[in-house]
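Let me begin by presenting the structure, written as structure tokens, before commenting on it.
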Amino acid sequence: MLKLNALIAGSTGYIGVQLIKLLIRHKNVNIKYLCGNSSVGKKISSFDNTLSTKNLPKICKFNKKFLENVDLIFTALPNGEAQLISKYLLKKNTLIDLAADFRLKKSSEYKKWYKQKHKAAENINKSIYALPELSGKRIKKFSIISCPGCYPTSVLLPLIPLIKKKSINTKNIIIDSKSGYSGAGRGVHKKYKEKNLYESLSAYGVGFHRHNSEIDQELKRYTKSKLEFTFTPHLTPMFRGILSTIYVDMKSEFSIKKIQLIIKKFYKNKQFIKVLKNDTLISTNDVYNTNNCLISVCKTKYKNKIIILSAIDNLIKGGAGQAVQNMNIKFGFKINEGLKWKKFWLFLYFYFHVHKTQSKKILFLVKRWVLMNLRLNSKNMQSKIRIQILIIRWINI
């Protein structure tokens, strides 16, 4: 069995920790190095105690010599740092970047939006903007894989099929996105200290958020018509998840039913994209801890106007999960390797959602079975409570 050695740079951030959680259950990956700066010498479990039972290396400072011992380099670093690492890549290395270092195809655009000069402009053409459902097997040809931003992922997935089919007006698209505060990184607690982060909703980056550049670049690949959109992100008092509400005008020859069929047909064989029945109301809870993107097309009181709802988990489909999905494509692994639920959890989820049962007796038995099955001891009460909360969330009680 092919086993790849991996280095994770920026392993202690929310995205980095989530990536570790996915990779430790991937049968084709061995985590060789965890790299950080201020956390050198610490165990990764000091940032997430659920990793305390895992046999993982201590955090160390990145050294280019490490590249000789690894196949994969995942970078979840501040903007600009992956560019420096890309200069040292060996022929056998693949760099998968979860930041914005190679998302924009013009160094001038990068400087405009990120206020810094690109440090590896010569490597831009060696990279691919890899939205896996659209990039597909082309990913195999590149040694630098750039993962899309969380907001653009939730926006591009529903809009690209419609723009490609010329079914909507491209001059007046309004995008209203709301994200959990984990999207702003661990520093969010200090940054929003005076804004009552945990009990309020905050708009930020109004009119000029950096992800505007990414959305604009990718949508323009699919249309020659004039493109105008307004994108406004918001920070919400939840930890994870993104819900994007997109307002578009249909062209006269299309109906809401046709719009939904266009998206559904486009993603027919894409297991992580779930196109729901029209007018289905969705929430971030529906994609919690999954690599799924849920899309729902909704009617309005105006015949030609529709609202598209798109929900993802920003740490998985908008981050670490998308990186693993891209890696799976690059190396020919099963697309859902490291991203699938265990059979029991799938059964539990679908059983209760199909039957909509509210039986407290069944809930009690399920809780008891799970706790026994996972062999959690009395010392790990916090984990028990978390599992119970998850079961209640899944069953919607």
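If you're wondering about the labels, chains in the structure tokens are A, B, ... by order shown, residues count from 1 in each chain, ligands from 1 in order shown.
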
Residue list (strand (DSSP E), DSSP) for range 26-166 of chain A, as a VMD selection string: chain A and resid 29 to 35 59 to 60 72 to 75 94 to 97 127 to 129 144 to 146

Contacts of Lys64 in chain A within 9 Å, only C-alpha atoms, excl. fewer than 6 positions in-chain, as a list in words: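 Here the qualifying residues turn out to be Ile85, Tyr88 and Leu89 of chain A.
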
Selection above as a file: C-alpha atoms, as a CSV table (one decimal), in the first residue's frame:
```
chain,number,residue,atom,x,y,z
A,85,ILE,CA,8.6,27.1,1.1
A,88,TYR,CA,12.7,24.8,-1.9
A,89,LEU,CA,10.4,22.0,-3.3
```

What's the 10 Å shell around Gly332 in chain A, counting only C-alpha atoms, without same-chain residues fewer than 5 positions away, as a tab-separated table (two decimals) with C-alpha atoms, in the first residue's frame?
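The new file part38.tsv reads:
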```tsv
chain	number	residue	atom	x	y	z
A	137	LYS	CA	-7.95	15.09	-12.91
A	140	LYS	CA	-2.61	15.40	-11.17
A	326	ASN	CA	-7.37	17.37	-3.67
A	327	MET	CA	-4.66	15.07	-2.36
```

In range 77-198 of chain A, DSSP alpha helix (DSSP H) residues written as an MDAnalysis selection string: chainID A and resid 81:86 107:114 132:135 150:164 188:191

Among the residues A:Thr300, A:Asp313, A:Phe66, A:Gln217, the one that comes closest to Tyr181 in chain A [using only C-alpha atoms]: A:Asp313

Lys305 in chain A surroundings by only C-alpha atoms, 8 Å radius, close-in-sequence under 4 positions cut, as a list in words: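 Everything that qualifies: Tyr247, Val248, Asp249, Met250, Lys299, Thr300 and Lys301 of chain A.
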
Preceding selection exported with N, CA and C atoms as a tab-separated table (two decimals), in the first residue's frame:
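In the end it all went to again.tsv:
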```
chain	number	residue	atom	x	y	z
A	247	TYR	N	-28.34	36.05	-4.12
A	247	TYR	CA	-29.52	36.59	-4.80
A	247	TYR	C	-29.18	36.81	-6.28
A	248	VAL	N	-29.93	36.15	-7.17
A	248	VAL	CA	-29.66	36.27	-8.60
A	248	VAL	C	-30.96	36.46	-9.39
A	249	ASP	N	-30.80	37.01	-10.58
A	249	ASP	CA	-31.93	37.17	-11.51
A	249	ASP	C	-31.82	36.10	-12.59
A	250	MET	N	-32.90	35.32	-12.75
A	250	MET	CA	-32.93	34.32	-13.82
A	250	MET	C	-33.19	34.98	-15.16
A	299	LYS	N	-37.56	30.07	-4.29
A	299	LYS	CA	-38.30	31.09	-5.04
A	299	LYS	C	-38.49	32.33	-4.18
A	300	THR	N	-38.82	33.44	-4.85
A	300	THR	CA	-39.14	34.69	-4.16
A	300	THR	C	-40.48	35.20	-4.67
A	301	LYS	N	-40.91	36.34	-4.17
A	301	LYS	CA	-42.19	36.91	-4.62
A	301	LYS	C	-42.09	37.48	-6.03
```

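Separating CA of Ile168 in chain A from CA of Thr280 in chain A is a distance of 20.4 Å.
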
Shell around Ser255 in chain A at 10 Å using only C-alpha atoms, local window under 2 positions removed, as number ranges by chain: A: 167, 250-253, 257-261, 299, 303-306

Pick from A:His234, A:Arg221, A:Lys126, A:Lys330, whichever lies nearest to Ser177 in chain A using only C-alpha atoms: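 When distances to Ser177 in chain A are compared using only C-alpha atoms, the smallest one comes from A:His234.
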
Report as CSV the residues of range 229-265 of chain A within 9 Å of range 200-203 of chain A, each with its shortest atom pair and distance in Å (one decimal), using only C-alpha atoms, ordered by chain and increasing residue number.
```
residue,atom,partner,partner_atom,distance
A:Thr232,CA,A:Ala203,CA,7.2
A:Pro233,CA,A:Ala203,CA,6.0
A:His234,CA,A:Ala203,CA,4.3
A:Leu235,CA,A:Ser202,CA,5.1
A:Thr236,CA,A:Leu201,CA,4.8
A:Pro237,CA,A:Ser200,CA,6.0
```

Output file for the selection above: C-alpha atoms, as a PDB file, in the first residue's frame:
```
ATOM      1  CA  THR A 232     -20.427  40.910   2.133  1.00  0.00           C
ATOM      2  CA  PRO A 233     -19.115  38.509   4.792  1.00  0.00           C
ATOM      3  CA  HIS A 234     -20.265  38.366   8.418  1.00  0.00           C
ATOM      4  CA  LEU A 235     -18.828  36.809  11.544  1.00  0.00           C
ATOM      5  CA  THR A 236     -21.367  34.947  13.677  1.00  0.00           C
ATOM      6  CA  PRO A 237     -21.340  33.713  17.299  1.00  0.00           C
TER       7      PRO A 237
END
```

Near-Gln322 in chain A list (8 Å; only C-alpha atoms; drop same-chain fewer than 3 positions) as a ChimeraX atom specification: /A:131-132,147,291,316-319,325-326

With range 262-279 of chain A as the partner and 12 Å as the cut-off, tabulate the residues of range 24-141 of chain A that qualify, each row holding the nearest pair of atoms and their distance in Å to one decimal, using only C-alpha atoms, sorted by chain and rising number, as JSON lines.
```
{"residue": "A:Pro132", "atom": "CA", "partner": "A:Lys270", "partner_atom": "CA", "distance": 9.6}
{"residue": "A:Glu133", "atom": "CA", "partner": "A:Lys270", "partner_atom": "CA", "distance": 6.7}
{"residue": "A:Leu134", "atom": "CA", "partner": "A:Tyr267", "partner_atom": "CA", "distance": 9.4}
{"residue": "A:Gly136", "atom": "CA", "partner": "A:Lys270", "partner_atom": "CA", "distance": 10.4}
```

Shell of 8 Å around Ile128 in chain A, only C-alpha atoms, local chain residues under 2 positions omitted, as a ChimeraX atom specification: /A:102-103,125-126,130,139,142,144-146

Residue nearest Gln83 in chain A - candidates A:Lys117, A:Asn55, A:Lys106, A:Ile173, atoms counted: only C-alpha atoms: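 Closest to Gln83 in chain A, using only C-alpha atoms: A:Lys117.
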
Closest of A:Ala323, A:Ala6, A:Met238, A:Ile175 to Leu309 in chain A - atom-to-atom distances counting only C-alpha atoms: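 The closest residue to Leu309 in chain A is A:Ile175.
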
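The gap separating CA of Leu72 in chain A from CA of Thr94 in chain A is 5.0 Å, in Å to one decimal.
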
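Nearest to Leu197 in chain A of all the residues A:Pro161, A:Ile96, A:Phe239, A:Lys61 is A:Phe239, counting only C-alpha atoms.
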